[in-house]
file coords.pdb (PDB, N, CA and C atoms, pLDDT in the B column)
ATOM      1  N   MET A   1      -4.317   7.282  30.804  1.00 80.00           N
ATOM      2  CA  MET A   1      -4.742   8.639  31.172  1.00 80.00           C
ATOM      3  C   MET A   1      -6.241   8.773  30.895  1.00 80.00           C
ATOM      4  N   GLY A   2      -7.002   8.851  31.953  1.00 96.00           N
ATOM      5  CA  GLY A   2      -8.439   8.947  31.803  1.00 96.00           C
ATOM      6  C   GLY A   2      -8.943  10.379  31.884  1.00 96.00           C
ATOM      7  N   ARG A   3     -10.185  10.517  31.490  1.00 98.00           N
ATOM      8  CA  ARG A   3     -10.848  11.808  31.552  1.00 98.00           C
ATOM      9  C   ARG A   3     -11.503  11.962  32.922  1.00 98.00           C
ATOM     10  N   TYR A   4     -11.585  13.203  33.391  1.00 98.00           N
ATOM     11  CA  TYR A   4     -12.195  13.502  34.689  1.00 98.00           C
ATOM     12  C   TYR A   4     -13.284  14.541  34.491  1.00 98.00           C
ATOM     13  N   VAL A   5     -14.376  14.380  35.255  1.00 98.00           N
ATOM     14  CA  VAL A   5     -15.539  15.246  35.126  1.00 98.00           C
ATOM     15  C   VAL A   5     -15.716  16.078  36.393  1.00 98.00           C
ATOM     16  N   CYS A   6     -15.959  17.367  36.215  1.00 98.00           N
ATOM     17  CA  CYS A   6     -16.238  18.257  37.345  1.00 98.00           C
ATOM     18  C   CYS A   6     -17.630  17.933  37.885  1.00 98.00           C
ATOM     19  N   SER A   7     -17.705  17.643  39.179  1.00 98.00           N
ATOM     20  CA  SER A   7     -18.993  17.295  39.784  1.00 98.00           C
ATOM     21  C   SER A   7     -19.874  18.524  39.993  1.00 98.00           C
ATOM     22  N   ILE A   8     -19.320  19.714  39.813  1.00 98.00           N
ATOM     23  CA  ILE A   8     -20.088  20.938  39.991  1.00 98.00           C
ATOM     24  C   ILE A   8     -20.779  21.353  38.694  1.00 98.00           C
ATOM     25  N   CYS A   9     -20.008  21.410  37.596  1.00 98.00           N
ATOM     26  CA  CYS A   9     -20.570  21.950  36.344  1.00 98.00           C
ATOM     27  C   CYS A   9     -20.573  20.972  35.176  1.00 98.00           C
ATOM     28  N   GLY A  10     -19.879  19.833  35.303  1.00 98.00           N
ATOM     29  CA  GLY A  10     -19.877  18.849  34.233  1.00 98.00           C
ATOM     30  C   GLY A  10     -18.750  18.995  33.224  1.00 98.00           C
ATOM     31  N   TYR A  11     -17.865  19.980  33.417  1.00 98.00           N
ATOM     32  CA  TYR A  11     -16.705  20.128  32.526  1.00 98.00           C
ATOM     33  C   TYR A  11     -15.886  18.840  32.547  1.00 98.00           C
ATOM     34  N   VAL A  12     -15.414  18.422  31.374  1.00 98.00           N
ATOM     35  CA  VAL A  12     -14.599  17.211  31.275  1.00 98.00           C
ATOM     36  C   VAL A  12     -13.158  17.603  30.960  1.00 98.00           C
ATOM     37  N   TYR A  13     -12.238  17.218  31.868  1.00 98.00           N
ATOM     38  CA  TYR A  13     -10.814  17.405  31.577  1.00 98.00           C
ATOM     39  C   TYR A  13     -10.357  16.194  30.793  1.00 98.00           C
ATOM     40  N   ASP A  14      -9.897  16.432  29.574  1.00 98.00           N
ATOM     41  CA  ASP A  14      -9.423  15.371  28.687  1.00 98.00           C
ATOM     42  C   ASP A  14      -7.930  15.570  28.459  1.00 98.00           C
ATOM     43  N   PRO A  15      -7.092  14.636  28.917  1.00 98.00           N
ATOM     44  CA  PRO A  15      -5.645  14.775  28.747  1.00 98.00           C
ATOM     45  C   PRO A  15      -5.229  14.922  27.285  1.00 98.00           C
ATOM     46  N   ALA A  16      -6.009  14.379  26.375  1.00 98.00           N
ATOM     47  CA  ALA A  16      -5.690  14.502  24.949  1.00 98.00           C
ATOM     48  C   ALA A  16      -5.807  15.943  24.472  1.00 98.00           C
ATOM     49  N   GLN A  17      -6.595  16.740  25.187  1.00 97.00           N
ATOM     50  CA  GLN A  17      -6.779  18.154  24.841  1.00 97.00           C
ATOM     51  C   GLN A  17      -5.984  19.086  25.756  1.00 97.00           C
ATOM     52  N   GLY A  18      -5.791  18.681  27.009  1.00 98.00           N
ATOM     53  CA  GLY A  18      -5.159  19.557  27.981  1.00 98.00           C
ATOM     54  C   GLY A  18      -6.085  20.708  28.331  1.00 98.00           C
ATOM     55  N   ASP A  19      -5.524  21.784  28.796  1.00 97.00           N
ATOM     56  CA  ASP A  19      -6.268  23.005  29.116  1.00 97.00           C
ATOM     57  C   ASP A  19      -5.417  24.176  28.637  1.00 97.00           C
ATOM     58  N   PRO A  20      -5.313  24.338  27.306  1.00 95.00           N
ATOM     59  CA  PRO A  20      -4.391  25.326  26.746  1.00 95.00           C
ATOM     60  C   PRO A  20      -4.664  26.765  27.190  1.00 95.00           C
ATOM     61  N   ASP A  21      -5.914  27.088  27.501  1.00 94.00           N
ATOM     62  CA  ASP A  21      -6.232  28.445  27.956  1.00 94.00           C
ATOM     63  C   ASP A  21      -5.607  28.747  29.311  1.00 94.00           C
ATOM     64  N   ASN A  22      -5.252  27.697  30.043  1.00 94.00           N
ATOM     65  CA  ASN A  22      -4.649  27.869  31.372  1.00 94.00           C
ATOM     66  C   ASN A  22      -3.252  27.283  31.450  1.00 94.00           C
ATOM     67  N   GLY A  23      -2.603  27.126  30.301  1.00 94.00           N
ATOM     68  CA  GLY A  23      -1.202  26.735  30.271  1.00 94.00           C
ATOM     69  C   GLY A  23      -0.929  25.256  30.445  1.00 94.00           C
ATOM     70  N   VAL A  24      -1.946  24.403  30.281  1.00 97.00           N
ATOM     71  CA  VAL A  24      -1.742  22.960  30.421  1.00 97.00           C
ATOM     72  C   VAL A  24      -1.696  22.353  29.018  1.00 97.00           C
ATOM     73  N   ARG A  25      -0.542  21.812  28.664  1.00 97.00           N
ATOM     74  CA  ARG A  25      -0.363  21.274  27.312  1.00 97.00           C
ATOM     75  C   ARG A  25      -1.059  19.926  27.157  1.00 97.00           C
ATOM     76  N   LYS A  26      -1.252  19.522  25.921  1.00 97.00           N
ATOM     77  CA  LYS A  26      -1.832  18.212  25.622  1.00 97.00           C
ATOM     78  C   LYS A  26      -0.953  17.122  26.213  1.00 97.00           C
ATOM     79  N   GLY A  27      -1.580  16.046  26.665  1.00 97.00           N
ATOM     80  CA  GLY A  27      -0.838  14.903  27.183  1.00 97.00           C
ATOM     81  C   GLY A  27      -0.591  14.921  28.673  1.00 97.00           C
ATOM     82  N   VAL A  28      -1.018  15.979  29.376  1.00 98.00           N
ATOM     83  CA  VAL A  28      -0.825  16.046  30.830  1.00 98.00           C
ATOM     84  C   VAL A  28      -1.989  15.323  31.500  1.00 98.00           C
ATOM     85  N   SER A  29      -1.669  14.274  32.261  1.00 97.00           N
ATOM     86  CA  SER A  29      -2.721  13.523  32.947  1.00 97.00           C
ATOM     87  C   SER A  29      -3.328  14.373  34.057  1.00 97.00           C
ATOM     88  N   PHE A  30      -4.544  14.023  34.453  1.00 98.00           N
ATOM     89  CA  PHE A  30      -5.216  14.761  35.522  1.00 98.00           C
ATOM     90  C   PHE A  30      -4.388  14.743  36.797  1.00 98.00           C
ATOM     91  N   GLU A  31      -3.799  13.595  37.090  1.00 97.00           N
ATOM     92  CA  GLU A  31      -2.993  13.450  38.305  1.00 97.00           C
ATOM     93  C   GLU A  31      -1.780  14.379  38.310  1.00 97.00           C
ATOM     94  N   ASP A  32      -1.282  14.726  37.113  1.00 97.00           N
ATOM     95  CA  ASP A  32      -0.093  15.578  37.010  1.00 97.00           C
ATOM     96  C   ASP A  32      -0.413  17.066  36.928  1.00 97.00           C
ATOM     97  N   LEU A  33      -1.705  17.424  36.970  1.00 97.00           N
ATOM     98  CA  LEU A  33      -2.052  18.851  36.987  1.00 97.00           C
ATOM     99  C   LEU A  33      -1.552  19.461  38.296  1.00 97.00           C
ATOM    100  N   PRO A  34      -1.183  20.735  38.281  1.00 95.00           N
ATOM    101  CA  PRO A  34      -0.748  21.374  39.530  1.00 95.00           C
ATOM    102  C   PRO A  34      -1.857  21.307  40.582  1.00 95.00           C
ATOM    103  N   ASP A  35      -1.485  21.265  41.842  1.00 94.00           N
ATOM    104  CA  ASP A  35      -2.469  21.177  42.924  1.00 94.00           C
ATOM    105  C   ASP A  35      -3.411  22.376  42.948  1.00 94.00           C
ATOM    106  N   ASP A  36      -2.950  23.510  42.440  1.00 96.00           N
ATOM    107  CA  ASP A  36      -3.796  24.709  42.460  1.00 96.00           C
ATOM    108  C   ASP A  36      -4.602  24.899  41.173  1.00 96.00           C
ATOM    109  N   TRP A  37      -4.565  23.910  40.262  1.00 97.00           N
ATOM    110  CA  TRP A  37      -5.371  23.980  39.042  1.00 97.00           C
ATOM    111  C   TRP A  37      -6.841  23.933  39.428  1.00 97.00           C
ATOM    112  N   VAL A  38      -7.654  24.725  38.748  1.00 98.00           N
ATOM    113  CA  VAL A  38      -9.096  24.732  39.004  1.00 98.00           C
ATOM    114  C   VAL A  38      -9.855  24.556  37.698  1.00 98.00           C
ATOM    115  N   CYS A  39     -11.093  24.151  37.804  1.00 98.00           N
ATOM    116  CA  CYS A  39     -11.957  23.976  36.644  1.00 98.00           C
ATOM    117  C   CYS A  39     -12.030  25.300  35.882  1.00 98.00           C
ATOM    118  N   PRO A  40     -11.750  25.275  34.579  1.00 97.00           N
ATOM    119  CA  PRO A  40     -11.757  26.520  33.808  1.00 97.00           C
ATOM    120  C   PRO A  40     -13.159  27.089  33.597  1.00 97.00           C
ATOM    121  N   VAL A  41     -14.190  26.318  33.898  1.00 98.00           N
ATOM    122  CA  VAL A  41     -15.561  26.807  33.716  1.00 98.00           C
ATOM    123  C   VAL A  41     -16.117  27.407  35.004  1.00 98.00           C
ATOM    124  N   CYS A  42     -15.995  26.659  36.123  1.00 98.00           N
ATOM    125  CA  CYS A  42     -16.642  27.125  37.354  1.00 98.00           C
ATOM    126  C   CYS A  42     -15.686  27.415  38.506  1.00 98.00           C
ATOM    127  N   GLY A  43     -14.395  27.082  38.340  1.00 98.00           N
ATOM    128  CA  GLY A  43     -13.412  27.363  39.383  1.00 98.00           C
ATOM    129  C   GLY A  43     -13.331  26.316  40.470  1.00 98.00           C
ATOM    130  N   ALA A  44     -13.965  25.164  40.276  1.00 98.00           N
ATOM    131  CA  ALA A  44     -13.923  24.091  41.274  1.00 98.00           C
ATOM    132  C   ALA A  44     -12.506  23.536  41.403  1.00 98.00           C
ATOM    133  N   ALA A  45     -12.177  23.050  42.580  1.00 98.00           N
ATOM    134  CA  ALA A  45     -10.860  22.472  42.855  1.00 98.00           C
ATOM    135  C   ALA A  45     -10.749  21.063  42.271  1.00 98.00           C
ATOM    136  N   LYS A  46      -9.518  20.567  42.158  1.00 98.00           N
ATOM    137  CA  LYS A  46      -9.292  19.204  41.649  1.00 98.00           C
ATOM    138  C   LYS A  46     -10.083  18.168  42.438  1.00 98.00           C
ATOM    139  N   GLU A  47     -10.261  18.400  43.731  1.00 98.00           N
ATOM    140  CA  GLU A  47     -10.982  17.457  44.585  1.00 98.00           C
ATOM    141  C   GLU A  47     -12.443  17.283  44.152  1.00 98.00           C
ATOM    142  N   ASP A  48     -12.949  18.236  43.375  1.00 98.00           N
ATOM    143  CA  ASP A  48     -14.337  18.172  42.919  1.00 98.00           C
ATOM    144  C   ASP A  48     -14.503  17.408  41.611  1.00 98.00           C
ATOM    145  N   PHE A  49     -13.427  16.797  41.133  1.00 98.00           N
ATOM    146  CA  PHE A  49     -13.474  16.031  39.884  1.00 98.00           C
ATOM    147  C   PHE A  49     -13.490  14.529  40.192  1.00 98.00           C
ATOM    148  N   ASN A  50     -14.169  13.797  39.318  1.00 98.00           N
ATOM    149  CA  ASN A  50     -14.256  12.339  39.452  1.00 98.00           C
ATOM    150  C   ASN A  50     -13.893  11.695  38.121  1.00 98.00           C
ATOM    151  N   PRO A  51     -13.328  10.485  38.159  1.00 98.00           N
ATOM    152  CA  PRO A  51     -13.030   9.789  36.895  1.00 98.00           C
ATOM    153  C   PRO A  51     -14.306   9.606  36.080  1.00 98.00           C
ATOM    154  N   GLU A  52     -14.177   9.723  34.783  1.00 96.00           N
ATOM    155  CA  GLU A  52     -15.347   9.543  33.903  1.00 96.00           C
ATOM    156  C   GLU A  52     -15.689   8.082  33.779  1.00 96.00           C
TER     157      GLU A  52
END
call {"tool": "encode", "arguments": {"input": "coords.pdb", "output": "structure tokens"}}
result
Amino acid sequence: MGRYVCSICGYVYDPAQGDPDNGVRKGVSFEDLPDDWVCPVCGAAKEDFNPE
């Protein structure tokens, strides 16, 4: 499970941390995030993220 970086704002999605503010628990890989998940900082779509 790798980390992914938002190409818009630089936010890093880390599966070890999840996104608890948006209901994503620790251990959820980027690939397993819901299709409608967006960057919690800038609202970018999953398509705007790249592997770190």
call {"tool": "closest_residue", "arguments": {"input": "coords.pdb", "among": "A:Ser29, A:Asn22, A:Gln17, A:Ser7", "to": "A:Ala45", "atoms": "only C-alpha atoms"}}
result
A:Ser7
call {"tool": "residues_around", "arguments": {"input": "coords.pdb", "residues": "A:Glu31", "least_positions_apart": "3", "cutoff": "8 Å", "atoms": "all atoms listed in the file", "output": "PyMOL selection string"}}
result
chain A and resi 1-2+28+34-35
call {"tool": "select_by_dssp", "arguments": {"input": "coords.pdb", "residues": "chain A", "states": "helix (DSSP H, G or I)", "output": "count of residues only"}}
result
9
call {"tool": "atom_distance", "arguments": {"input": "coords.pdb", "atom1": "atom N of A:Ile8", "atom2": "atom N of A:Arg25"}}
result
21.9 Å
call {"tool": "closest_residue", "arguments": {"input": "coords.pdb", "among": "A:Gly27, A:Pro20, A:Cys9, A:Pro15", "to": "A:Cys42", "atoms": "all atoms listed in the file"}}
result
A:Cys9
call {"tool": "residues_around", "arguments": {"input": "coords.pdb", "residues": "A:Tyr4", "least_positions_apart": "6", "cutoff": "5 Å", "atoms": "only N, CA and C atoms", "output": "compact mmCIF listing (two decimals) with N, CA and C atoms, in the frame of the given file"}}
result
# COMPACT_ATOMS: atom_id res chain seq x y z
N VAL A 12 -15.41 18.42 31.37
CA VAL A 12 -14.60 17.21 31.28
C VAL A 12 -13.16 17.60 30.96
N TYR A 13 -12.24 17.22 31.87
CA TYR A 13 -10.81 17.40 31.58
C TYR A 13 -10.36 16.19 30.79
N ASN A 50 -14.17 13.80 39.32
CA ASN A 50 -14.26 12.34 39.45
C ASN A 50 -13.89 11.70 38.12
N PRO A 51 -13.33 10.48 38.16
CA PRO A 51 -13.03 9.79 36.90
C PRO A 51 -14.31 9.61 36.08
N GLU A 52 -14.18 9.72 34.78
CA GLU A 52 -15.35 9.54 33.90
C GLU A 52 -15.69 8.08 33.78
call {"tool": "atom_distance", "arguments": {"input": "coords.pdb", "atom1": "atom C of A:Val41", "atom2": "atom C of A:Lys26"}}
result
20.3 Å
call {"tool": "select_by_dssp", "arguments": {"input": "coords.pdb", "residues": "chain A", "states": "strand (DSSP E)", "output": "ChimeraX atom specification"}}
result
/A:4-6,12-13,49-51
call {"tool": "atom_distance", "arguments": {"input": "coords.pdb", "atom1": "atom N of A:Glu47", "atom2": "atom N of A:Arg3"}}
result
14.6 Å
call {"tool": "closest_residue", "arguments": {"input": "coords.pdb", "among": "A:Phe30, A:Trp37, A:Gly43, A:Phe49", "to": "A:Asp14", "atoms": "only C-alpha atoms"}}
result
A:Phe30
call {"tool": "decode", "arguments": {"input": "coords.pdb", "residues": "stretch 30-43 of chain A", "atoms": "all heavy atoms", "output": "PDB file, in the first residue's frame"}}
result
ATOM      1  N   PHE A  30      -5.190   3.338  -1.310  1.00  0.00           N
ATOM      2  CA  PHE A  30      -5.717   4.369  -2.204  1.00  0.00           C
ATOM      3  C   PHE A  30      -6.666   3.765  -3.226  1.00  0.00           C
ATOM      4  O   PHE A  30      -7.717   4.322  -3.514  1.00  0.00           O
ATOM      5  CB  PHE A  30      -4.561   5.097  -2.903  1.00  0.00           C
ATOM      6  CG  PHE A  30      -5.022   6.243  -3.750  1.00  0.00           C
ATOM      7  CD1 PHE A  30      -5.320   7.466  -3.173  1.00  0.00           C
ATOM      8  CD2 PHE A  30      -5.172   6.102  -5.119  1.00  0.00           C
ATOM      9  CE1 PHE A  30      -5.764   8.530  -3.951  1.00  0.00           C
ATOM     10  CE2 PHE A  30      -5.606   7.150  -5.903  1.00  0.00           C
ATOM     11  CZ  PHE A  30      -5.899   8.370  -5.315  1.00  0.00           C
ATOM     12  N   GLU A  31      -6.300   2.603  -3.742  1.00  0.00           N
ATOM     13  CA  GLU A  31      -7.122   1.934  -4.754  1.00  0.00           C
ATOM     14  C   GLU A  31      -8.507   1.565  -4.224  1.00  0.00           C
ATOM     15  O   GLU A  31      -9.454   1.462  -4.987  1.00  0.00           O
ATOM     16  CB  GLU A  31      -6.413   0.691  -5.274  1.00  0.00           C
ATOM     17  CG  GLU A  31      -5.142   0.969  -6.047  1.00  0.00           C
ATOM     18  CD  GLU A  31      -3.907   1.195  -5.168  1.00  0.00           C
ATOM     19  OE1 GLU A  31      -4.020   1.170  -3.917  1.00  0.00           O
ATOM     20  OE2 GLU A  31      -2.834   1.410  -5.739  1.00  0.00           O
ATOM     21  N   ASP A  32      -8.607   1.341  -2.904  1.00  0.00           N
ATOM     22  CA  ASP A  32      -9.882   0.938  -2.303  1.00  0.00           C
ATOM     23  C   ASP A  32     -10.728   2.111  -1.822  1.00  0.00           C
ATOM     24  O   ASP A  32     -11.826   1.903  -1.293  1.00  0.00           O
ATOM     25  CB  ASP A  32      -9.634  -0.019  -1.138  1.00  0.00           C
ATOM     26  CG  ASP A  32      -9.142  -1.374  -1.612  1.00  0.00           C
ATOM     27  OD1 ASP A  32      -9.405  -1.731  -2.783  1.00  0.00           O
ATOM     28  OD2 ASP A  32      -8.494  -2.078  -0.823  1.00  0.00           O
ATOM     29  N   LEU A  33     -10.237   3.345  -2.007  1.00  0.00           N
ATOM     30  CA  LEU A  33     -11.060   4.505  -1.643  1.00  0.00           C
ATOM     31  C   LEU A  33     -12.277   4.551  -2.565  1.00  0.00           C
ATOM     32  O   LEU A  33     -12.194   4.147  -3.731  1.00  0.00           O
ATOM     33  CB  LEU A  33     -10.256   5.802  -1.819  1.00  0.00           C
ATOM     34  CG  LEU A  33      -9.149   6.046  -0.811  1.00  0.00           C
ATOM     35  CD1 LEU A  33      -8.308   7.244  -1.251  1.00  0.00           C
ATOM     36  CD2 LEU A  33      -9.713   6.281   0.573  1.00  0.00           C
ATOM     37  N   PRO A  34     -13.403   5.055  -2.077  1.00  0.00           N
ATOM     38  CA  PRO A  34     -14.580   5.167  -2.948  1.00  0.00           C
ATOM     39  C   PRO A  34     -14.267   6.036  -4.166  1.00  0.00           C
ATOM     40  O   PRO A  34     -13.439   6.953  -4.086  1.00  0.00           O
ATOM     41  CB  PRO A  34     -15.623   5.859  -2.053  1.00  0.00           C
ATOM     42  CG  PRO A  34     -15.119   5.742  -0.665  1.00  0.00           C
ATOM     43  CD  PRO A  34     -13.637   5.571  -0.734  1.00  0.00           C
ATOM     44  N   ASP A  35     -14.922   5.774  -5.274  1.00  0.00           N
ATOM     45  CA  ASP A  35     -14.679   6.534  -6.503  1.00  0.00           C
ATOM     46  C   ASP A  35     -14.990   8.018  -6.336  1.00  0.00           C
ATOM     47  O   ASP A  35     -14.417   8.846  -7.039  1.00  0.00           O
ATOM     48  CB  ASP A  35     -15.494   5.965  -7.663  1.00  0.00           C
ATOM     49  CG  ASP A  35     -14.978   4.610  -8.115  1.00  0.00           C
ATOM     50  OD1 ASP A  35     -13.788   4.305  -7.861  1.00  0.00           O
ATOM     51  OD2 ASP A  35     -15.759   3.860  -8.711  1.00  0.00           O
ATOM     52  N   ASP A  36     -15.887   8.341  -5.415  1.00  0.00           N
ATOM     53  CA  ASP A  36     -16.253   9.749  -5.226  1.00  0.00           C
ATOM     54  C   ASP A  36     -15.436  10.443  -4.133  1.00  0.00           C
ATOM     55  O   ASP A  36     -15.702  11.593  -3.793  1.00  0.00           O
ATOM     56  CB  ASP A  36     -17.745   9.887  -4.947  1.00  0.00           C
ATOM     57  CG  ASP A  36     -18.180   9.165  -3.674  1.00  0.00           C
ATOM     58  OD1 ASP A  36     -17.384   8.401  -3.080  1.00  0.00           O
ATOM     59  OD2 ASP A  36     -19.343   9.363  -3.271  1.00  0.00           O
ATOM     60  N   TRP A  37     -14.411   9.759  -3.591  1.00  0.00           N
ATOM     61  CA  TRP A  37     -13.533  10.381  -2.599  1.00  0.00           C
ATOM     62  C   TRP A  37     -12.774  11.516  -3.265  1.00  0.00           C
ATOM     63  O   TRP A  37     -12.371  11.418  -4.428  1.00  0.00           O
ATOM     64  CB  TRP A  37     -12.561   9.342  -2.045  1.00  0.00           C
ATOM     65  CG  TRP A  37     -11.617   9.888  -1.010  1.00  0.00           C
ATOM     66  CD1 TRP A  37     -11.850  10.004   0.322  1.00  0.00           C
ATOM     67  CD2 TRP A  37     -10.294  10.386  -1.215  1.00  0.00           C
ATOM     68  NE1 TRP A  37     -10.759  10.547   0.960  1.00  0.00           N
ATOM     69  CE2 TRP A  37      -9.782  10.800   0.024  1.00  0.00           C
ATOM     70  CE3 TRP A  37      -9.486  10.542  -2.338  1.00  0.00           C
ATOM     71  CZ2 TRP A  37      -8.518  11.338   0.185  1.00  0.00           C
ATOM     72  CZ3 TRP A  37      -8.223  11.085  -2.184  1.00  0.00           C
ATOM     73  CH2 TRP A  37      -7.757  11.471  -0.934  1.00  0.00           C
ATOM     74  N   VAL A  38     -12.609  12.616  -2.548  1.00  0.00           N
ATOM     75  CA  VAL A  38     -11.856  13.758  -3.072  1.00  0.00           C
ATOM     76  C   VAL A  38     -10.797  14.185  -2.066  1.00  0.00           C
ATOM     77  O   VAL A  38     -10.877  13.868  -0.872  1.00  0.00           O
ATOM     78  CB  VAL A  38     -12.773  14.955  -3.407  1.00  0.00           C
ATOM     79  CG1 VAL A  38     -13.747  14.601  -4.524  1.00  0.00           C
ATOM     80  CG2 VAL A  38     -13.519  15.438  -2.180  1.00  0.00           C
ATOM     81  N   CYS A  39      -9.815  14.905  -2.539  1.00  0.00           N
ATOM     82  CA  CYS A  39      -8.749  15.421  -1.691  1.00  0.00           C
ATOM     83  C   CYS A  39      -9.373  16.270  -0.582  1.00  0.00           C
ATOM     84  O   CYS A  39     -10.165  17.172  -0.852  1.00  0.00           O
ATOM     85  CB  CYS A  39      -7.796  16.278  -2.521  1.00  0.00           C
ATOM     86  SG  CYS A  39      -6.490  17.056  -1.545  1.00  0.00           S
ATOM     87  N   PRO A  40      -9.037  15.979   0.675  1.00  0.00           N
ATOM     88  CA  PRO A  40      -9.639  16.727   1.781  1.00  0.00           C
ATOM     89  C   PRO A  40      -9.140  18.168   1.876  1.00  0.00           C
ATOM     90  O   PRO A  40      -9.737  18.978   2.581  1.00  0.00           O
ATOM     91  CB  PRO A  40      -9.234  15.927   3.021  1.00  0.00           C
ATOM     92  CG  PRO A  40      -8.033  15.157   2.620  1.00  0.00           C
ATOM     93  CD  PRO A  40      -8.171  14.899   1.150  1.00  0.00           C
ATOM     94  N   VAL A  41      -8.089  18.506   1.148  1.00  0.00           N
ATOM     95  CA  VAL A  41      -7.562  19.874   1.196  1.00  0.00           C
ATOM     96  C   VAL A  41      -8.141  20.737   0.079  1.00  0.00           C
ATOM     97  O   VAL A  41      -8.642  21.829   0.323  1.00  0.00           O
ATOM     98  CB  VAL A  41      -6.013  19.864   1.123  1.00  0.00           C
ATOM     99  CG1 VAL A  41      -5.458  21.277   1.039  1.00  0.00           C
ATOM    100  CG2 VAL A  41      -5.436  19.135   2.328  1.00  0.00           C
ATOM    101  N   CYS A  42      -8.091  20.224  -1.170  1.00  0.00           N
ATOM    102  CA  CYS A  42      -8.498  21.072  -2.296  1.00  0.00           C
ATOM    103  C   CYS A  42      -9.698  20.555  -3.082  1.00  0.00           C
ATOM    104  O   CYS A  42     -10.183  21.227  -3.986  1.00  0.00           O
ATOM    105  CB  CYS A  42      -7.318  21.291  -3.240  1.00  0.00           C
ATOM    106  SG  CYS A  42      -6.856  19.844  -4.214  1.00  0.00           S
ATOM    107  N   GLY A  43     -10.161  19.332  -2.775  1.00  0.00           N
ATOM    108  CA  GLY A  43     -11.330  18.784  -3.457  1.00  0.00           C
ATOM    109  C   GLY A  43     -11.031  18.115  -4.780  1.00  0.00           C
ATOM    110  O   GLY A  43     -11.950  17.790  -5.534  1.00  0.00           O
TER     111      GLY A  43
END
